[in-house]
>>> print(open('run.txt').read())   # compact mmCIF, C-alpha atoms
# COMPACT_ATOMS: atom_id res chain seq x y z
CA MET A 218 103.99 74.53 100.00
CA LYS A 219 105.77 77.54 98.55
CA LEU A 220 103.79 80.11 96.59
CA SER A 221 104.78 83.17 94.58
CA PHE A 222 102.49 86.11 93.87
CA ILE A 223 103.36 88.59 91.11
CA GLY A 224 101.51 91.92 91.22
CA THR A 225 100.73 93.44 94.62
CA GLY A 226 98.47 96.31 93.66
CA VAL A 227 94.90 97.08 94.71
CA MET A 228 93.79 93.50 94.07
CA GLY A 229 96.97 91.48 94.43
CA LYS A 230 98.04 92.76 97.83
CA PRO A 231 95.05 91.47 99.84
CA MET A 232 94.91 88.28 97.77
CA ALA A 233 98.54 87.44 98.58
CA LEU A 234 97.97 88.24 102.24
CA HIS A 235 95.00 85.88 102.38
CA LEU A 236 97.22 83.09 101.06
CA ALA A 237 99.79 83.86 103.75
CA ASP A 238 97.07 83.92 106.41
CA ALA A 239 95.95 80.50 105.18
CA GLY A 240 99.37 79.15 106.15
CA TYR A 241 101.21 79.18 102.84
CA ASP A 242 104.80 80.34 102.44
CA VAL A 243 104.29 83.31 100.09
CA SER A 244 106.92 85.25 98.14
CA VAL A 245 105.84 88.45 96.38
CA TYR A 246 107.09 90.61 93.53
CA ASN A 247 105.99 93.96 92.16
CA ARG A 248 107.69 96.16 89.59
CA THR A 249 107.69 98.83 92.30
CA PHE A 250 109.59 96.99 95.02
CA SER A 251 108.28 99.23 97.81
CA LYS A 252 104.74 98.01 97.10
CA ALA A 253 105.85 94.41 97.57
CA GLN A 254 107.66 95.32 100.79
CA THR A 255 104.41 96.50 102.39
CA LEU A 256 103.35 92.83 102.59
CA GLU A 257 106.22 91.94 104.90
CA PRO A 258 106.56 90.24 107.32
CA LYS A 259 103.63 88.00 106.31
CA CYS A 260 105.14 87.60 102.82
CA LYS A 261 108.74 87.78 101.65
CA ALA A 262 109.33 90.52 99.07
CA PHE A 263 111.80 90.08 96.20
CA GLU A 264 113.24 92.59 93.76
CA THR A 265 113.24 90.27 90.74
CA ILE A 266 110.85 87.73 89.28
CA GLN A 267 113.71 85.23 89.10
CA ALA A 268 114.33 85.35 92.85
CA CYS A 269 110.63 85.34 93.63
CA VAL A 270 109.63 82.26 91.61
CA LYS A 271 112.67 79.97 91.56
CA ASP A 272 111.52 77.75 94.47
CA ALA A 273 107.75 78.12 94.09
CA ASP A 274 105.35 75.22 93.64
CA VAL A 275 102.53 77.51 92.50
CA ILE A 276 102.95 80.96 90.95
CA PHE A 277 100.05 83.44 90.87
CA SER A 278 99.90 86.70 88.96
CA ILE A 279 97.51 89.62 88.66
CA VAL A 280 98.99 92.44 86.59
CA GLY A 281 97.69 95.16 84.29
CA TYR A 282 97.43 94.31 80.62
CA PRO A 283 97.87 91.31 78.31
CA LYS A 284 101.31 92.61 77.30
CA ASP A 285 102.30 92.59 80.98
CA VAL A 286 101.04 89.03 81.34
CA GLU A 287 103.08 87.90 78.35
CA GLU A 288 106.23 89.63 79.63
CA VAL A 289 105.81 88.20 83.14
CA TYR A 290 105.39 84.62 81.96
CA ALA A 291 108.33 84.86 79.56
CA GLU A 292 110.43 85.38 82.70
CA VAL A 293 108.51 82.95 84.89
CA MET A 294 108.92 80.11 82.40
CA GLN A 295 112.63 80.88 82.22
CA TYR A 296 113.26 80.70 85.97
CA ALA A 297 110.53 78.59 87.62
CA LYS A 298 111.17 74.96 88.49
CA LYS A 299 109.70 72.32 86.20
CA GLY A 300 106.31 71.07 87.25
CA ALA A 301 105.27 74.37 88.79
CA ILE A 302 101.64 75.44 88.41
CA LEU A 303 101.22 78.90 86.85
CA VAL A 304 97.98 80.75 87.61
CA ASP A 305 97.22 84.02 85.83
CA MET A 306 94.42 85.91 87.57
CA THR A 307 94.66 89.03 85.40
CA THR A 308 91.69 89.86 83.20
CA SER A 309 93.49 89.20 79.97
CA SER A 310 93.09 87.87 76.44
CA PRO A 311 91.55 84.38 76.05
CA THR A 312 93.71 83.94 72.95
CA LEU A 313 96.82 84.73 75.00
CA ALA A 314 95.67 82.35 77.74
CA VAL A 315 95.56 79.49 75.23
CA LYS A 316 98.97 80.46 73.88
CA LEU A 317 100.52 80.52 77.35
CA TYR A 318 98.90 77.18 78.23
CA GLN A 319 100.53 75.61 75.19
CA GLN A 320 103.91 77.21 75.92
CA ALA A 321 103.77 76.09 79.53
CA LYS A 322 102.93 72.53 78.54
CA GLU A 323 105.86 72.40 76.12
CA LYS A 324 108.22 73.64 78.85
CA GLY A 325 107.06 71.33 81.61
CA PHE A 326 104.67 73.60 83.49
CA PHE A 327 100.91 73.62 84.13
CA MET A 328 99.02 76.79 83.19
CA ILE A 329 95.67 77.94 84.57
CA ASP A 330 93.68 81.08 83.70
CA ALA A 331 91.69 82.25 86.73
CA PRO A 332 90.49 85.86 86.48
CA VAL A 333 88.44 87.33 89.31
CA THR A 334 85.51 89.65 89.84
CA GLY A 335 84.35 91.45 92.96
CA GLY A 336 86.58 94.52 92.98
CA ASP A 337 88.84 95.72 95.73
CA LEU A 338 86.27 94.93 98.42
CA GLY A 339 86.02 91.36 97.19
CA ALA A 340 89.80 91.05 97.33
CA ILE A 341 89.98 92.55 100.81
CA ASN A 342 87.14 90.40 102.18
CA ALA A 343 88.17 87.21 100.33
CA THR A 344 84.76 87.09 98.64
CA LEU A 345 85.95 87.19 95.03
CA SER A 346 84.26 85.16 92.32
CA ILE A 347 86.97 83.24 90.45
CA MET A 348 86.45 81.73 86.99
CA VAL A 349 88.90 79.02 86.03
CA GLY A 350 90.09 77.55 82.74
CA GLY A 351 92.63 74.78 82.20
CA ASP A 352 93.09 71.13 83.10
CA GLU A 353 90.56 70.09 85.74
CA PRO A 354 92.98 67.94 87.79
CA ILE A 355 95.27 70.97 88.16
CA PHE A 356 92.29 73.11 89.11
CA ASN A 357 91.48 70.63 91.86
CA GLN A 358 95.05 70.87 93.17
CA ILE A 359 94.91 74.65 93.58
CA LEU A 360 91.27 74.83 94.71
CA PRO A 361 92.16 75.23 98.43
CA MET A 362 94.34 78.22 97.52
CA LEU A 363 91.59 79.78 95.43
CA LYS A 364 89.17 79.31 98.33
CA ALA A 365 91.53 81.38 100.49
CA MET A 366 90.93 84.32 98.12
CA GLY A 367 87.34 83.89 96.98
CA SER A 368 83.93 82.57 97.98
CA THR A 369 82.64 81.53 94.54
CA ILE A 370 85.05 79.32 92.61
CA THR A 371 83.81 78.00 89.25
CA TYR A 372 85.62 75.64 86.90
CA MET A 373 84.57 76.83 83.43
CA GLY A 374 86.38 74.34 81.19
CA LYS A 375 89.46 74.10 79.00
CA GLU A 376 92.23 76.68 78.72
CA GLY A 377 90.95 80.18 77.95
CA SER A 378 87.49 79.45 79.38
CA GLY A 379 88.17 81.42 82.55
CA MET A 380 89.07 84.47 80.51
CA HIS A 381 85.99 84.13 78.30
CA ALA A 382 83.83 83.89 81.42
CA LYS A 383 85.39 87.05 82.82
CA LEU A 384 84.73 88.95 79.61
CA ALA A 385 81.10 87.83 79.72
CA ASN A 386 80.98 89.11 83.31
CA GLN A 387 82.44 92.46 82.24
CA THR A 388 79.73 92.69 79.60
CA VAL A 389 77.08 92.51 82.34
CA ILE A 390 78.86 95.24 84.31
CA ALA A 391 78.84 97.50 81.25
CA GLY A 392 75.06 97.60 81.21
CA ALA A 393 74.78 97.91 84.99
CA VAL A 394 77.24 100.76 85.51
CA ILE A 395 75.99 102.92 82.65
CA GLY A 396 72.42 102.19 83.69
CA VAL A 397 73.04 103.58 87.18
CA ALA A 398 74.74 106.66 85.75
CA GLU A 399 71.93 107.37 83.30
CA ALA A 400 69.26 106.85 85.98
CA LEU A 401 70.94 109.36 88.29
CA ILE A 402 71.41 111.86 85.47
CA TYR A 403 67.73 111.54 84.56
CA ALA A 404 66.70 111.98 88.21
CA LYS A 405 68.97 115.01 88.57
CA GLU A 406 67.51 116.61 85.45
CA LYS A 407 63.99 116.13 86.81
CA GLY A 408 64.85 117.68 90.18
CA LEU A 409 64.66 114.50 92.26
CA ASP A 410 66.64 113.91 95.44
CA LEU A 411 69.43 111.61 94.26
CA ASN A 412 69.91 109.84 97.59
CA LYS A 413 66.21 109.04 97.74
CA MET A 414 66.33 107.88 94.14
CA LEU A 415 69.24 105.57 94.91
CA ASN A 416 67.26 104.11 97.82
CA VAL A 417 64.47 103.32 95.38
CA ILE A 418 66.87 101.63 92.97
CA THR A 419 68.69 99.54 95.58
CA GLY A 420 65.43 98.61 97.30
CA GLY A 421 63.76 97.12 94.26
CA SER A 422 64.22 95.04 91.13
CA ALA A 423 66.64 97.58 89.61
CA ASN A 424 69.21 96.85 92.30
CA SER A 425 72.70 95.67 91.32
CA TRP A 426 76.20 95.54 92.79
CA GLN A 427 76.98 98.67 90.78
CA ALA A 428 74.00 100.56 92.19
CA LYS A 429 74.71 99.47 95.76
CA ASN A 430 78.46 100.09 95.73
CA ASN A 431 79.01 102.81 93.12
CA GLY A 432 75.73 104.72 93.04
CA ALA A 433 76.44 106.74 96.18
CA LYS A 434 79.97 107.44 94.97
CA MET A 435 78.57 108.85 91.73
CA ILE A 436 76.30 111.20 93.68
CA VAL A 437 79.14 112.72 95.74
CA LYS A 438 81.72 112.49 92.95
CA ASP A 439 83.92 110.09 94.89
CA TYR A 440 86.07 108.68 92.10
CA GLU A 441 88.69 106.89 94.17
CA PRO A 442 89.40 103.67 92.29
CA GLY A 443 88.16 100.31 93.40
CA PHE A 444 88.63 99.40 89.75
CA PHE A 445 90.46 101.72 87.37
CA VAL A 446 88.80 103.20 84.28
CA LYS A 447 91.90 102.28 82.24
CA HIS A 448 91.67 98.63 83.29
CA TYR A 449 87.95 98.33 82.64
CA LEU A 450 88.40 99.96 79.24
CA LYS A 451 91.04 97.30 78.54
CA ASP A 452 88.50 94.63 79.45
CA LEU A 453 85.83 96.05 77.17
CA LYS A 454 88.28 96.25 74.29
CA LEU A 455 89.10 92.57 74.86
CA VAL A 456 85.38 91.75 74.61
CA LEU A 457 85.21 93.59 71.31
CA GLU A 458 88.35 91.83 70.04
CA GLU A 459 86.92 88.40 70.90
CA LYS A 460 83.27 88.95 69.89
CA GLY A 461 83.60 87.73 66.30
CA ASN A 462 80.35 88.45 64.43
CA LEU A 463 78.31 89.21 67.54
CA ASN A 464 76.56 92.57 67.78
CA LEU A 465 77.32 93.86 71.28
CA GLU A 466 75.85 97.37 71.21
CA VAL A 467 75.99 98.02 74.95
CA VAL A 468 79.67 97.09 75.17
CA GLU A 469 80.45 99.33 72.21
CA LYS A 470 78.57 102.27 73.78
CA VAL A 471 80.20 101.86 77.19
CA ALA A 472 83.67 101.34 75.71
CA LYS A 473 83.26 104.59 73.78
CA ALA A 474 82.26 106.45 76.97
CA TYR A 475 85.23 105.11 78.92
CA GLN A 476 87.61 105.88 76.06
CA ILE A 477 86.44 109.49 76.18
CA LEU A 478 86.88 109.54 79.95
CA GLU A 479 90.42 108.22 79.62
CA ASP A 480 91.14 110.84 76.94
CA HIS A 481 89.98 113.47 79.46
CA GLY A 482 92.36 112.26 82.17
CA TYR A 483 90.14 109.84 84.09
CA GLY A 484 92.17 106.68 83.40
CA ASP A 485 93.31 106.36 87.02
CA LYS A 486 89.86 107.12 88.46
CA GLY A 487 87.28 104.53 89.47
CA THR A 488 84.74 103.16 87.01
CA GLN A 489 81.97 105.10 88.83
CA SER A 490 83.39 108.25 87.24
CA ILE A 491 81.41 107.31 84.12
CA ILE A 492 78.80 109.76 85.41
CA GLU A 493 81.19 112.55 84.36
CA TYR A 494 80.61 111.46 80.78
CA TYR A 495 77.09 112.86 81.26
CA LEU A 496 77.76 115.67 83.72
CA GLN A 497 80.33 117.22 81.40
CA ASN A 498 78.47 116.25 78.22
CA MET A 499 81.65 114.66 76.88
CA LYS A 500 81.53 113.75 73.21
>>> encode(input="run.txt", output="structure tokens")
Amino acid sequence: MKLSFIGTGVMGKPMALHLADAGYDVSVYNRTFSKAQTLEPKCKAFETIQACVKDADVIFSIVGYPKDVEEVYAEVMQYAKKGAILVDMTTSSPTLAVKLYQQAKEKGFFMIDAPVTGGDLGAINATLSIMVGGDEPIFNQILPMLKAMGSTITYMGKEGSGMHAKLANQTVIAGAVIGVAEALIYAKEKGLDLNKMLNVITGGSANSWQAKNNGAKMIVKDYEPGFFVKHYLKDLKLVLEEKGNLNLEVVEKVAKAYQILEDHGYGDKGTQSIIEYYLQNMK
């Protein structure tokens, strides 16, 4: 079976390689061709979407923003063969996911929304959690491929449901990441040893993925991105766009903090850099 993978960045590169390691014939495309080339010889790199997708049975994508998703699938639906399964794994707009599903159906394709969570380590270790929306029979067809990239695969329901699930997940992260930052700032202010404090947090009921993986990075100001500030801010804005009449105070607070960080030049830093919002008393 021939697969295409569009977007070979921090997340997409290891995900595409896992598919190749699972025995699939994988073609890859990235706007920066040199990034796609780094996957050779396991994958075949192409300089255009047209060349990458024209023979593919299943086409995966994980790109930056909803506008990128829409642009990519305008091309994909122009050049892919009829009957191909299209799987967008970007954290994107649920409304857009429904729109693309309908467009795909009209043009003879099958569209699935399947965003992921687990960060760069999850992508590297093939332990991602993948939330899937779309037609269940199509989900069942691609399930072996999803299992090559993740360890927790959950069918959430009709088109757009995967995206809604991801936004709910990002809402949880908002509380966790700012909670770790505020705890460390409080401990610092009170003269506590931050490494000992982090051991307390990760050893008890306050533990979380954010505390375990990003807490130590906050302490030493290691802001190398596992997940970019600019991309998480995009996610939080999507939550706020989709929330309707819900009052989501934590999301609003965290989105404001990350917007300020981006305005101060932290867009390409990791989400753990939120501690700078407090260290620099950004307003």
>>> closest_residue(input="run.txt", among="A:Ile359, A:Ala233, A:Val467, A:Val227", to="Gly336 (chain A)", atoms="all atoms listed in the file")
A:Val227
>>> closest_residue(input="run.txt", among="A:Ala331, A:Ile436, A:Ala297, A:Ala321", to="Gly377 (chain A)", atoms="all atoms listed in the file")
A:Ala331
>>> residues_around(input="run.txt", residues="Lys324 (chain A)", least_positions_apart="2", cutoff="8 Å", atoms="all atoms listed in the file", output="count of residues only")
6
>>> residues_near_point(input="run.txt", point="(99.8, 72.5, 90.7)", cutoff="7 Å", atoms="only C-alpha atoms", output="PyMOL selection string")
chain A and resi 274-275+301-302+327+355+358-359
>>> closest_residue(input="run.txt", among="A:Ala423, A:Val394, A:Ile492, A:Ala314", to="Met380 (chain A)", atoms="only C-alpha atoms")
A:Ala314
>>> closest_residue(input="run.txt", among="A:Asp480, A:Leu256, A:Arg248, A:Asp238", to="Met366 (chain A)", atoms="only C-alpha atoms")
A:Asp238
>>> closest_residue(input="run.txt", among="A:Tyr372, A:Tyr495, A:Phe222, A:Phe444", to="Ile402 (chain A)", atoms="only C-alpha atoms")
A:Tyr495
>>> closest_residue(input="run.txt", among="A:Leu345, A:Ala474, A:Leu313, A:Leu384", to="Asp452 (chain A)", atoms="all atoms listed in the file")
A:Leu384
>>> residues_near_point(input="run.txt", point="(83.8, 90.4, 89.9)", cutoff="10 Å", atoms="all atoms listed in the file", output="list in words")
Pro332, Val333, Thr334, Gly335, Gly336, Asp337, Leu338, Gly339, Ala340, Thr344, Leu345, Ser346, Ile347, Met348, Lys383, Asn386, Gln387, Ile390 and Trp426 of chain A
>>> write_last_selection(input="run.txt", atoms="C-alpha atoms", output="compact mmCIF listing (two decimals), in the coordinates of the input")
# COMPACT_ATOMS: atom_id res chain seq x y z
CA PRO A 332 90.49 85.86 86.48
CA VAL A 333 88.44 87.33 89.31
CA THR A 334 85.51 89.65 89.84
CA GLY A 335 84.35 91.45 92.96
CA GLY A 336 86.58 94.52 92.98
CA ASP A 337 88.84 95.72 95.73
CA LEU A 338 86.27 94.93 98.42
CA GLY A 339 86.02 91.36 97.19
CA ALA A 340 89.80 91.05 97.33
CA THR A 344 84.76 87.09 98.64
CA LEU A 345 85.95 87.19 95.03
CA SER A 346 84.26 85.16 92.32
CA ILE A 347 86.97 83.24 90.45
CA MET A 348 86.45 81.73 86.99
CA LYS A 383 85.39 87.05 82.82
CA ASN A 386 80.98 89.11 83.31
CA GLN A 387 82.44 92.46 82.24
CA ILE A 390 78.86 95.24 84.31
CA TRP A 426 76.20 95.54 92.79
>>> atom_distance(input="run.txt", atom1="CA of Asn247 (chain A)", atom2="CA of Thr265 (chain A)")
8.3 Å
>>> residues_around(input="run.txt", residues="Lys451 (chain A)", least_positions_apart="5", cutoff="9 Å", atoms="all atoms listed in the file", output="VMD selection string")
chain A and resid 282 308 to 309 446 456 472
>>> residues_around(input="run.txt", residues="Gly226 (chain A)", least_positions_apart="4", cutoff="10 Å", atoms="all atoms listed in the file", output="ChimeraX atom specification")
/A:230-232,247,249,252-253,279-281,337
>>> atom_distance(input="run.txt", atom1="CA of Glu458 (chain A)", atom2="CA of His381 (chain A)")
11.5 Å
>>> residues_around(input="run.txt", residues="Glu466 (chain A)", least_positions_apart="5", cutoff="12 Å", atoms="all atoms listed in the file", output="NGL selection string")
:A and (388 or 391-392 or 453 or 456-457 or 460 or 471-473)
>>> atom_distance(input="run.txt", atom1="CA of Ser490 (chain A)", atom2="CA of Val397 (chain A)")
11.4 Å
>>> residues_around(input="run.txt", residues="region 413-422 of chain A", least_positions_apart="2", cutoff="10 Å", atoms="all atoms listed in the file", output="list in words")
Val397, Ala400, Leu401, Ala404, Lys405, Leu409, Asp410, Leu411, Asn424, Ser425, Trp426, Gln427, Ala428, Lys429, Asn430, Gly432, Ala433 and Ile436 of chain A
>>> decode(input="run.txt", residues="region 246-286 of chain A", atoms="N, CA and C atoms", output="PDB file, in the first residue's frame")
ATOM      1  N   TYR A 246       6.422  14.958   1.657  1.00  0.00           N
ATOM      2  CA  TYR A 246       6.529  16.319   1.113  1.00  0.00           C
ATOM      3  C   TYR A 246       6.611  17.298   2.267  1.00  0.00           C
ATOM      4  N   ASN A 247       7.452  18.310   2.104  1.00  0.00           N
ATOM      5  CA  ASN A 247       7.509  19.435   3.023  1.00  0.00           C
ATOM      6  C   ASN A 247       7.758  20.684   2.194  1.00  0.00           C
ATOM      7  N   ARG A 248       7.214  21.796   2.628  1.00  0.00           N
ATOM      8  CA  ARG A 248       7.449  23.048   1.886  1.00  0.00           C
ATOM      9  C   ARG A 248       8.939  23.338   1.754  1.00  0.00           C
ATOM     10  N   THR A 249       9.709  22.985   2.785  1.00  0.00           N
ATOM     11  CA  THR A 249      11.169  23.057   2.702  1.00  0.00           C
ATOM     12  C   THR A 249      11.661  21.680   2.295  1.00  0.00           C
ATOM     13  N   PHE A 250      12.017  21.527   1.031  1.00  0.00           N
ATOM     14  CA  PHE A 250      12.329  20.214   0.472  1.00  0.00           C
ATOM     15  C   PHE A 250      13.442  19.501   1.240  1.00  0.00           C
ATOM     16  N   SER A 251      14.415  20.260   1.721  1.00  0.00           N
ATOM     17  CA  SER A 251      15.543  19.643   2.427  1.00  0.00           C
ATOM     18  C   SER A 251      15.081  18.894   3.675  1.00  0.00           C
ATOM     19  N   LYS A 252      14.006  19.360   4.300  1.00  0.00           N
ATOM     20  CA  LYS A 252      13.486  18.666   5.481  1.00  0.00           C
ATOM     21  C   LYS A 252      12.877  17.324   5.094  1.00  0.00           C
ATOM     22  N   ALA A 253      12.240  17.272   3.949  1.00  0.00           N
ATOM     23  CA  ALA A 253      11.690  16.002   3.466  1.00  0.00           C
ATOM     24  C   ALA A 253      12.821  15.050   3.089  1.00  0.00           C
ATOM     25  N   GLN A 254      13.879  15.581   2.517  1.00  0.00           N
ATOM     26  CA  GLN A 254      15.002  14.738   2.082  1.00  0.00           C
ATOM     27  C   GLN A 254      15.683  13.999   3.229  1.00  0.00           C
ATOM     28  N   THR A 255      15.595  14.561   4.445  1.00  0.00           N
ATOM     29  CA  THR A 255      16.252  13.906   5.581  1.00  0.00           C
ATOM     30  C   THR A 255      15.609  12.565   5.915  1.00  0.00           C
ATOM     31  N   LEU A 256      14.436  12.275   5.364  1.00  0.00           N
ATOM     32  CA  LEU A 256      13.771  10.999   5.623  1.00  0.00           C
ATOM     33  C   LEU A 256      14.213   9.901   4.650  1.00  0.00           C
ATOM     34  N   GLU A 257      14.954  10.281   3.631  1.00  0.00           N
ATOM     35  CA  GLU A 257      15.461   9.276   2.697  1.00  0.00           C
ATOM     36  C   GLU A 257      16.642   8.539   3.335  1.00  0.00           C
ATOM     37  N   PRO A 258      16.827   7.243   3.050  1.00  0.00           N
ATOM     38  CA  PRO A 258      16.163   6.465   2.000  1.00  0.00           C
ATOM     39  C   PRO A 258      14.895   5.732   2.443  1.00  0.00           C
ATOM     40  N   LYS A 259      14.537   5.822   3.736  1.00  0.00           N
ATOM     41  CA  LYS A 259      13.346   5.083   4.182  1.00  0.00           C
ATOM     42  C   LYS A 259      12.085   5.561   3.474  1.00  0.00           C
ATOM     43  N   CYS A 260      12.006   6.865   3.217  1.00  0.00           N
ATOM     44  CA  CYS A 260      10.874   7.463   2.504  1.00  0.00           C
ATOM     45  C   CYS A 260      11.395   8.149   1.244  1.00  0.00           C
ATOM     46  N   LYS A 261      10.538   8.319   0.270  1.00  0.00           N
ATOM     47  CA  LYS A 261      10.899   9.016  -0.958  1.00  0.00           C
ATOM     48  C   LYS A 261      10.401  10.451  -0.881  1.00  0.00           C
ATOM     49  N   ALA A 262      11.304  11.420  -0.976  1.00  0.00           N
ATOM     50  CA  ALA A 262      10.950  12.824  -0.874  1.00  0.00           C
ATOM     51  C   ALA A 262      10.582  13.400  -2.243  1.00  0.00           C
ATOM     52  N   PHE A 263       9.547  14.248  -2.249  1.00  0.00           N
ATOM     53  CA  PHE A 263       9.109  14.913  -3.472  1.00  0.00           C
ATOM     54  C   PHE A 263       9.056  16.422  -3.253  1.00  0.00           C
ATOM     55  N   GLU A 264       9.248  17.147  -4.346  1.00  0.00           N
ATOM     56  CA  GLU A 264       9.292  18.609  -4.269  1.00  0.00           C
ATOM     57  C   GLU A 264       7.932  19.260  -4.424  1.00  0.00           C
ATOM     58  N   THR A 265       6.918  18.505  -4.855  1.00  0.00           N
ATOM     59  CA  THR A 265       5.575  19.054  -5.004  1.00  0.00           C
ATOM     60  C   THR A 265       4.551  18.114  -4.386  1.00  0.00           C
ATOM     61  N   ILE A 266       3.443  18.679  -3.952  1.00  0.00           N
ATOM     62  CA  ILE A 266       2.344  17.862  -3.435  1.00  0.00           C
ATOM     63  C   ILE A 266       1.804  16.966  -4.540  1.00  0.00           C
ATOM     64  N   GLN A 267       1.702  17.493  -5.738  1.00  0.00           N
ATOM     65  CA  GLN A 267       1.179  16.712  -6.860  1.00  0.00           C
ATOM     66  C   GLN A 267       1.956  15.411  -7.046  1.00  0.00           C
ATOM     67  N   ALA A 268       3.276  15.511  -7.093  1.00  0.00           N
ATOM     68  CA  ALA A 268       4.102  14.323  -7.299  1.00  0.00           C
ATOM     69  C   ALA A 268       4.028  13.381  -6.103  1.00  0.00           C
ATOM     70  N   CYS A 269       3.893  13.941  -4.923  1.00  0.00           N
ATOM     71  CA  CYS A 269       3.884  13.141  -3.706  1.00  0.00           C
ATOM     72  C   CYS A 269       2.615  12.300  -3.571  1.00  0.00           C
ATOM     73  N   VAL A 270       1.465  12.844  -3.967  1.00  0.00           N
ATOM     74  CA  VAL A 270       0.190  12.194  -3.645  1.00  0.00           C
ATOM     75  C   VAL A 270      -0.451  11.441  -4.805  1.00  0.00           C
ATOM     76  N   LYS A 271       0.045  11.591  -6.024  1.00  0.00           N
ATOM     77  CA  LYS A 271      -0.713  11.137  -7.186  1.00  0.00           C
ATOM     78  C   LYS A 271      -0.987   9.630  -7.202  1.00  0.00           C
ATOM     79  N   ASP A 272      -0.125   8.829  -6.573  1.00  0.00           N
ATOM     80  CA  ASP A 272      -0.312   7.374  -6.577  1.00  0.00           C
ATOM     81  C   ASP A 272      -0.714   6.824  -5.209  1.00  0.00           C
ATOM     82  N   ALA A 273      -0.935   7.696  -4.239  1.00  0.00           N
ATOM     83  CA  ALA A 273      -1.131   7.250  -2.856  1.00  0.00           C
ATOM     84  C   ALA A 273      -2.540   6.702  -2.612  1.00  0.00           C
ATOM     85  N   ASP A 274      -2.591   5.650  -1.802  1.00  0.00           N
ATOM     86  CA  ASP A 274      -3.869   5.103  -1.347  1.00  0.00           C
ATOM     87  C   ASP A 274      -4.378   5.844  -0.120  1.00  0.00           C
ATOM     88  N   VAL A 275      -3.441   6.262   0.736  1.00  0.00           N
ATOM     89  CA  VAL A 275      -3.775   7.016   1.947  1.00  0.00           C
ATOM     90  C   VAL A 275      -2.812   8.188   2.050  1.00  0.00           C
ATOM     91  N   ILE A 276      -3.352   9.361   2.334  1.00  0.00           N
ATOM     92  CA  ILE A 276      -2.547  10.584   2.412  1.00  0.00           C
ATOM     93  C   ILE A 276      -2.701  11.188   3.800  1.00  0.00           C
ATOM     94  N   PHE A 277      -1.596  11.299   4.527  1.00  0.00           N
ATOM     95  CA  PHE A 277      -1.580  11.885   5.864  1.00  0.00           C
ATOM     96  C   PHE A 277      -1.007  13.303   5.793  1.00  0.00           C
ATOM     97  N   SER A 278      -1.431  14.137   6.729  1.00  0.00           N
ATOM     98  CA  SER A 278      -0.848  15.476   6.826  1.00  0.00           C
ATOM     99  C   SER A 278      -0.779  15.895   8.282  1.00  0.00           C
ATOM    100  N   ILE A 279       0.278  16.637   8.611  1.00  0.00           N
ATOM    101  CA  ILE A 279       0.347  17.330   9.893  1.00  0.00           C
ATOM    102  C   ILE A 279       1.141  18.610   9.634  1.00  0.00           C
ATOM    103  N   VAL A 280       0.411  19.711   9.525  1.00  0.00           N
ATOM    104  CA  VAL A 280       1.012  20.992   9.156  1.00  0.00           C
ATOM    105  C   VAL A 280       0.760  22.004  10.275  1.00  0.00           C
ATOM    106  N   GLY A 281       0.871  23.291   9.985  1.00  0.00           N
ATOM    107  CA  GLY A 281       0.854  24.272  11.059  1.00  0.00           C
ATOM    108  C   GLY A 281      -0.499  24.772  11.515  1.00  0.00           C
ATOM    109  N   TYR A 282      -1.214  25.418  10.601  1.00  0.00           N
ATOM    110  CA  TYR A 282      -2.409  26.155  10.956  1.00  0.00           C
ATOM    111  C   TYR A 282      -3.584  25.729  10.067  1.00  0.00           C
ATOM    112  N   PRO A 283      -4.813  26.056  10.481  1.00  0.00           N
ATOM    113  CA  PRO A 283      -5.959  25.713   9.640  1.00  0.00           C
ATOM    114  C   PRO A 283      -5.842  26.218   8.198  1.00  0.00           C
ATOM    115  N   LYS A 284      -5.274  27.397   8.014  1.00  0.00           N
ATOM    116  CA  LYS A 284      -5.123  27.916   6.647  1.00  0.00           C
ATOM    117  C   LYS A 284      -4.182  27.027   5.828  1.00  0.00           C
ATOM    118  N   ASP A 285      -3.174  26.454   6.496  1.00  0.00           N
ATOM    119  CA  ASP A 285      -2.258  25.535   5.819  1.00  0.00           C
ATOM    120  C   ASP A 285      -2.981  24.247   5.445  1.00  0.00           C
ATOM    121  N   VAL A 286      -3.817  23.764   6.347  1.00  0.00           N
ATOM    122  CA  VAL A 286      -4.605  22.560   6.080  1.00  0.00           C
ATOM    123  C   VAL A 286      -5.484  22.775   4.854  1.00  0.00           C
TER     124      VAL A 286
END
